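J.: Data: final-v6.txt, compact mmCIF, C-alpha atoms.
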# COMPACT_ATOMS: atom_id res chain seq x y z
CA MET A 1 -21.52 -2.66 -9.14
CA LEU A 2 -20.01 -0.22 -6.62
CA ALA A 3 -23.25 1.60 -5.83
CA ASP A 4 -23.31 0.31 -2.25
CA ILE A 5 -19.77 1.50 -1.46
CA ASP A 6 -19.26 4.52 0.80
CA THR A 7 -15.68 3.87 1.99
CA TRP A 8 -12.71 3.67 -0.37
CA VAL A 9 -9.50 2.06 0.92
CA LEU A 10 -6.43 2.80 -1.18
CA ASP A 11 -2.98 1.29 -1.09
CA LEU A 12 -0.13 3.68 -1.85
CA ASP A 13 2.90 2.33 -3.70
CA ASN A 14 2.28 0.99 -7.23
CA THR A 15 -1.45 1.63 -6.74
CA LEU A 16 -1.86 5.41 -6.65
CA TYR A 17 0.99 5.72 -9.13
CA PRO A 18 2.27 3.24 -11.76
CA ALA A 19 5.27 1.05 -11.09
CA GLU A 20 6.94 2.58 -14.14
CA THR A 21 7.86 5.67 -12.11
CA GLY A 22 10.64 3.63 -10.51
CA LEU A 23 9.87 4.89 -7.01
CA ALA A 24 9.37 1.39 -5.62
CA GLY A 25 12.66 0.41 -7.26
CA GLN A 26 14.40 3.20 -5.37
CA MET A 27 12.87 1.92 -2.16
CA ASN A 28 14.17 -1.59 -2.76
CA VAL A 29 17.67 -0.25 -3.46
CA ARG A 30 17.63 1.61 -0.13
CA ILE A 31 16.32 -1.46 1.73
CA ARG A 32 19.05 -3.68 0.30
CA ALA A 33 21.67 -1.08 1.21
CA TYR A 34 20.35 -1.13 4.78
CA LEU A 35 20.56 -4.94 4.83
CA SER A 36 24.07 -4.92 3.37
CA ASN A 37 25.22 -2.53 6.09
CA LEU A 38 23.44 -4.43 8.87
CA PHE A 39 24.70 -7.87 7.88
CA GLY A 40 27.98 -6.83 6.30
CA THR A 41 27.16 -8.51 3.01
CA ASP A 42 27.02 -7.75 -0.70
CA GLU A 43 23.96 -6.74 -2.72
CA ALA A 44 23.25 -10.25 -4.00
CA GLU A 45 23.06 -11.62 -0.46
CA ALA A 46 21.02 -8.58 0.61
CA LEU A 47 18.53 -9.39 -2.15
CA ARG A 48 18.27 -12.97 -0.91
CA LEU A 49 17.79 -11.80 2.67
CA GLN A 50 15.13 -9.33 1.64
CA ALA A 51 13.16 -12.02 -0.20
CA GLN A 52 13.46 -14.38 2.76
CA LEU A 53 12.35 -11.77 5.31
CA VAL A 54 9.34 -10.75 3.22
CA ALA A 55 8.32 -14.37 2.63
CA GLU A 56 8.58 -15.29 6.32
CA HIS A 57 7.43 -12.08 8.02
CA GLY A 58 5.41 -10.06 5.50
CA THR A 59 7.83 -7.13 5.26
CA THR A 60 11.56 -6.60 5.63
CA LEU A 61 10.95 -4.33 8.63
CA ARG A 62 8.85 -6.87 10.52
CA GLY A 63 11.40 -9.57 9.76
CA LEU A 64 14.27 -7.48 11.11
CA MET A 65 12.31 -6.57 14.22
CA ASN A 66 11.50 -10.23 14.85
CA THR A 67 15.01 -11.52 14.18
CA ARG A 68 17.34 -8.63 15.03
CA SER A 69 15.29 -6.31 17.30
CA ILE A 70 16.22 -3.29 15.20
CA ASP A 71 14.97 0.26 15.84
CA PRO A 72 12.11 0.72 13.35
CA HIS A 73 12.65 4.48 13.18
CA ASP A 74 16.28 3.94 12.20
CA TYR A 75 15.13 1.54 9.49
CA LEU A 76 12.46 3.91 8.14
CA ALA A 77 14.98 6.74 7.87
CA TRP A 78 15.90 5.51 4.38
CA GLU A 79 12.56 6.89 3.18
CA HIS A 80 14.02 10.38 3.62
CA THR A 81 16.64 9.66 0.94
CA ILE A 82 14.20 8.80 -1.87
CA ASP A 83 13.92 11.11 -4.88
CA TYR A 84 10.18 11.80 -4.93
CA ALA A 85 10.64 14.10 -7.93
CA VAL A 86 10.00 11.09 -10.20
CA LEU A 87 6.29 11.56 -9.37
CA ARG A 88 4.16 14.14 -11.16
CA PRO A 89 0.73 15.60 -10.35
CA ASP A 90 -2.13 13.39 -11.53
CA PRO A 91 -5.12 15.73 -11.98
CA ALA A 92 -7.19 13.00 -13.64
CA LEU A 93 -6.84 10.75 -10.59
CA ALA A 94 -7.52 13.69 -8.26
CA GLU A 95 -10.74 14.42 -10.11
CA VAL A 96 -12.03 10.87 -9.94
CA LEU A 97 -11.10 10.51 -6.26
CA ARG A 98 -12.89 13.74 -5.36
CA GLY A 99 -15.97 12.41 -7.12
CA LEU A 100 -16.19 9.24 -5.02
CA PRO A 101 -19.14 9.19 -2.62
CA GLY A 102 -18.19 8.83 1.04
CA ARG A 103 -14.78 8.62 2.70
CA ARG A 104 -11.35 7.90 1.17
CA TYR A 105 -8.57 6.37 3.26
CA LEU A 106 -4.96 5.47 2.56
CA TYR A 107 -3.82 2.15 4.07
CA THR A 108 -0.10 1.60 3.62
CA ASN A 109 2.80 -0.46 4.94
CA GLY A 110 4.94 2.65 4.57
CA SER A 111 5.23 5.54 6.98
CA ALA A 112 3.06 8.65 7.23
CA TYR A 113 6.08 10.66 6.06
CA HIS A 114 6.31 8.56 2.90
CA ALA A 115 2.56 8.88 2.33
CA GLU A 116 2.70 12.66 2.72
CA GLN A 117 5.50 12.96 0.19
CA VAL A 118 3.75 10.78 -2.39
CA LEU A 119 0.34 12.40 -1.95
CA GLY A 120 1.87 15.85 -2.19
CA ARG A 121 3.76 15.06 -5.40
CA LEU A 122 0.66 13.51 -6.98
CA GLY A 123 -1.55 16.43 -5.94
CA LEU A 124 -3.83 14.12 -3.94
CA THR A 125 -3.41 15.39 -0.37
CA GLU A 126 -6.86 16.98 -0.26
CA CYS A 127 -8.46 13.84 -1.74
CA ILE A 128 -7.69 11.65 1.27
CA ASP A 129 -9.67 11.75 4.53
CA GLY A 130 -7.17 9.78 6.61
CA VAL A 131 -3.90 7.85 6.49
CA PHE A 132 -3.21 4.59 8.32
CA ASP A 133 0.50 3.82 8.20
CA ILE A 134 2.80 1.13 9.56
CA LEU A 135 3.33 3.00 12.82
CA ALA A 136 -0.43 3.37 13.38
CA ALA A 137 -0.59 -0.41 12.92
CA ASP A 138 1.97 -0.91 15.72
CA LEU A 139 4.42 -2.04 13.02
CA ILE A 140 2.23 -5.00 12.01
CA PRO A 141 1.90 -4.85 8.22
CA LYS A 142 -0.66 -5.95 5.70
CA PRO A 143 -1.68 -8.72 5.13
CA TYR A 144 -1.81 -9.67 8.84
CA ASP A 145 -5.29 -9.70 10.40
CA GLU A 146 -4.13 -7.60 13.34
CA SER A 147 -3.23 -4.78 10.97
CA LEU A 148 -6.55 -4.96 9.14
CA ASP A 149 -8.54 -5.07 12.39
CA ALA A 150 -6.70 -2.01 13.69
CA PHE A 151 -7.30 -0.13 10.45
CA LEU A 152 -11.03 -0.91 10.37
CA ALA A 153 -11.44 0.02 14.03
CA SER A 154 -9.45 3.22 13.68
CA PHE A 155 -11.90 4.71 11.20
CA GLY A 156 -15.05 2.79 12.17
CA ILE A 157 -15.33 1.11 8.78
CA ASP A 158 -18.12 -1.30 7.86
CA PRO A 159 -16.32 -3.80 5.58
CA VAL A 160 -19.47 -4.63 3.62
CA ARG A 161 -19.72 -1.01 2.46
CA ALA A 162 -16.01 -0.65 1.67
CA ALA A 163 -13.85 -1.28 -1.39
CA MET A 164 -10.10 -1.86 -1.14
CA PHE A 165 -7.55 -1.35 -3.92
CA ASP A 166 -4.05 -2.87 -3.72
CA ASP A 167 -1.34 -3.99 -6.15
CA LEU A 168 -0.59 -7.11 -4.05
CA GLU A 169 -3.25 -9.80 -4.23
CA VAL A 170 -2.21 -11.26 -0.87
CA ASN A 171 -3.20 -8.01 0.83
CA LEU A 172 -6.79 -8.40 -0.43
CA THR A 173 -7.54 -11.87 0.93
CA GLY A 174 -8.38 -10.78 4.48
CA PRO A 175 -10.47 -7.78 3.39
CA HIS A 176 -12.48 -9.97 1.00
CA GLU A 177 -13.13 -12.49 3.77
CA ARG A 178 -14.53 -9.63 5.87
CA GLY A 179 -16.98 -8.75 3.12
CA MET A 180 -15.10 -5.95 1.38
CA THR A 181 -15.15 -5.46 -2.36
CA THR A 182 -11.55 -5.86 -3.54
CA VAL A 183 -9.76 -4.62 -6.64
CA TRP A 184 -6.33 -5.98 -7.49
CA VAL A 185 -4.49 -3.23 -9.38
CA THR A 186 -2.05 -5.16 -11.50
CA GLY A 187 -2.03 -4.05 -15.13
CA GLY A 188 -3.19 -6.14 -18.07
CA THR A 189 -6.75 -5.89 -19.36
CA PRO A 190 -8.74 -2.76 -18.37
CA TYR A 191 -10.66 -4.75 -15.76
CA GLU A 192 -12.16 -8.17 -15.18
CA ARG A 193 -14.29 -9.84 -12.57
CA LEU A 194 -12.48 -12.55 -10.57
CA GLY A 195 -15.42 -13.59 -8.40
CA ASP A 196 -18.05 -12.22 -6.05
CA ARG A 197 -16.99 -8.67 -5.11
CA ARG A 198 -13.50 -9.38 -6.50
CA TRP A 199 -12.00 -7.50 -9.43
CA ARG A 200 -8.73 -7.10 -11.26
CA ALA A 201 -7.89 -3.76 -12.90
CA ALA A 202 -5.14 -2.38 -15.09
CA ASP A 203 -5.07 0.92 -13.22
CA LEU A 204 -6.96 2.68 -10.45
CA PRO A 205 -8.33 5.78 -12.23
CA GLY A 206 -9.40 3.81 -15.30
CA PHE A 207 -11.33 1.30 -13.18
CA LEU A 208 -13.04 4.01 -11.15
CA ARG A 209 -14.04 6.06 -14.18
CA ALA A 210 -15.57 2.98 -15.80
CA ASN A 211 -17.48 1.78 -12.76
CA ILE A 212 -18.65 4.78 -10.73
Before anything else, please render the file you have as structure tokens.
T.:
Amino acid sequence: MLADIDTWVLDLDNTLYPAETGLAGQMNVRIRAYLSNLFGTDEAEALRLQAQLVAEHGTTLRGLMNTRSIDPHDYLAWEHTIDYAVLRPDPALAEVLRGLPGRRYLYTNGSAYHAEQVLGRLGLTECIDGVFDILAADLIPKPYDESLDAFLASFGIDPVRAAMFDDLEVNLTGPHERGMTTVWVTGGTPYERLGDRRWRAADLPGFLRANI
């Protein structure tokens, strides 16, 4: 079913590694601490603000830029305080990624620094042909069309010959509309077909091993 694919588009957090590592949880703690400091509020209010900003603007960062004109580099500095040691090398995933025909790109709403740390810890640095981060997207995140257009143009990707993997279903709507095969990495059953060129998978390496 993926025989016509020659470009593989991979999300980073909770896609290349399982949510059980707790890394995304660390990120949310740091984000809420940033919000608490910025607004002078407690954690409960910071949680509410985070949910509101994400719902209205796509990401906390975009919301703060739109509403408070913050310095994005100051915001992203919290990534340098994360304990990446919770991640371990994943040789099985490295093997299956190296075996994919064509090019492999990372498309993330995080920074290139964050991507480098995660890829290094997982032992996947050499498996990726290019990284498109939030700064490359001019701070416009997935799922906005402007971000997707910039990503596709940056690497000269033909959507019809590309497959995209992401743990957030909303990030796959635009790619599917452009003709991409999409795989929602969300746990549950090993994998199931959701529609034409649309799949749901329990995990990335398991899906790839079963379908390549």
J.: Under the rule that only C-alpha atoms are counted, which of A:Tyr17, A:Tyr144, A:Tyr107, A:Phe39 is the nearest residue to A:Gly123?
T.: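 Once distances to A:Gly123 are computed over only C-alpha atoms, the minimum belongs to A:Tyr17.
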J.: Distance atom CA of A:Thr182-atom CA of A:Met164, one decimal place?
T.: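 Atom-to-atom, atom CA of A:Thr182 to atom CA of A:Met164, that is 4.9 Å.
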J.: Identify, on the basis of only C-alpha atoms, every residue whose closest approach to A:Leu148 does not exceed 9 Å; exclude the query and any residue fewer than 6 positions from it along the same chain; express the result as an mmCIF file with C-alpha atoms, in the frame of the given file.
T.:
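Generated file (selection_9.cif):
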data_model
loop_
_atom_site.group_PDB
_atom_site.id
_atom_site.type_symbol
_atom_site.label_atom_id
_atom_site.label_comp_id
_atom_site.auth_asym_id
_atom_site.auth_seq_id
_atom_site.Cartn_x
_atom_site.Cartn_y
_atom_site.Cartn_z
ATOM 1 C CA ALA A 137 -0.590 -0.410 12.920
ATOM 2 C CA PRO A 141 1.900 -4.850 8.220
ATOM 3 C CA LYS A 142 -0.660 -5.950 5.700
ATOM 4 C CA GLY A 174 -8.380 -10.780 4.480
ATOM 5 C CA PRO A 175 -10.470 -7.780 3.390
#
J.: Find the residue from A:Val170, A:Ile31, A:Leu38, A:Leu53 that sits nearest to A:Pro143; use all atoms listed in the file when measuring.
T.: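 Comparing A:Val170, A:Ile31, A:Leu38, A:Leu53 against A:Pro143, the winner is A:Val170.
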J.: Which residues, written as number ranges by chain, have at least one atom at most 10 Å from A:Leu47, with only C-alpha atoms counted and residues fewer than 4 positions away on the same chain left out?
T.: A: 28-29, 31-33, 35-36, 42-43, 51-53
J.: For A:Tyr75, find every residue with an atom within 12 Å (counting only C-alpha atoms), except residues of its own chain fewer than 6 positions away, and show them as number ranges by chain.
T.: A: 27, 30-35, 37-38, 60-65, 68-69, 81, 110-111, 139
J.: Take atom CA of A:Arg178 and atom CA of A:Pro159 and report the distance between them in Å, one decimal.
T.: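 These atoms are spaced 6.1 Å apart.
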J.: For atom CA of A:Asp158 and atom CA of A:Thr108, quote the distance in Å rounded to one decimal.
T.: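 Pair atom CA of A:Asp158 / atom CA of A:Thr108 returns 18.7 Å.
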J.: Could you check which of A:Thr186, A:Asn66, A:Thr125, A:Thr41 is closest to A:Arg98, using all atoms listed in the file?
T.: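 Checking each of A:Thr186, A:Asn66, A:Thr125, A:Thr41 against A:Arg98, counting all atoms listed in the file, the winner is A:Thr125.
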J.: From the list A:Asp11, A:Glu116, A:Asp138, A:Asp129, which residue is nearest A:Trp184 when using all atoms listed in the file?
T.: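 Using all atoms listed in the file, A:Trp184 sits closest to A:Asp11.
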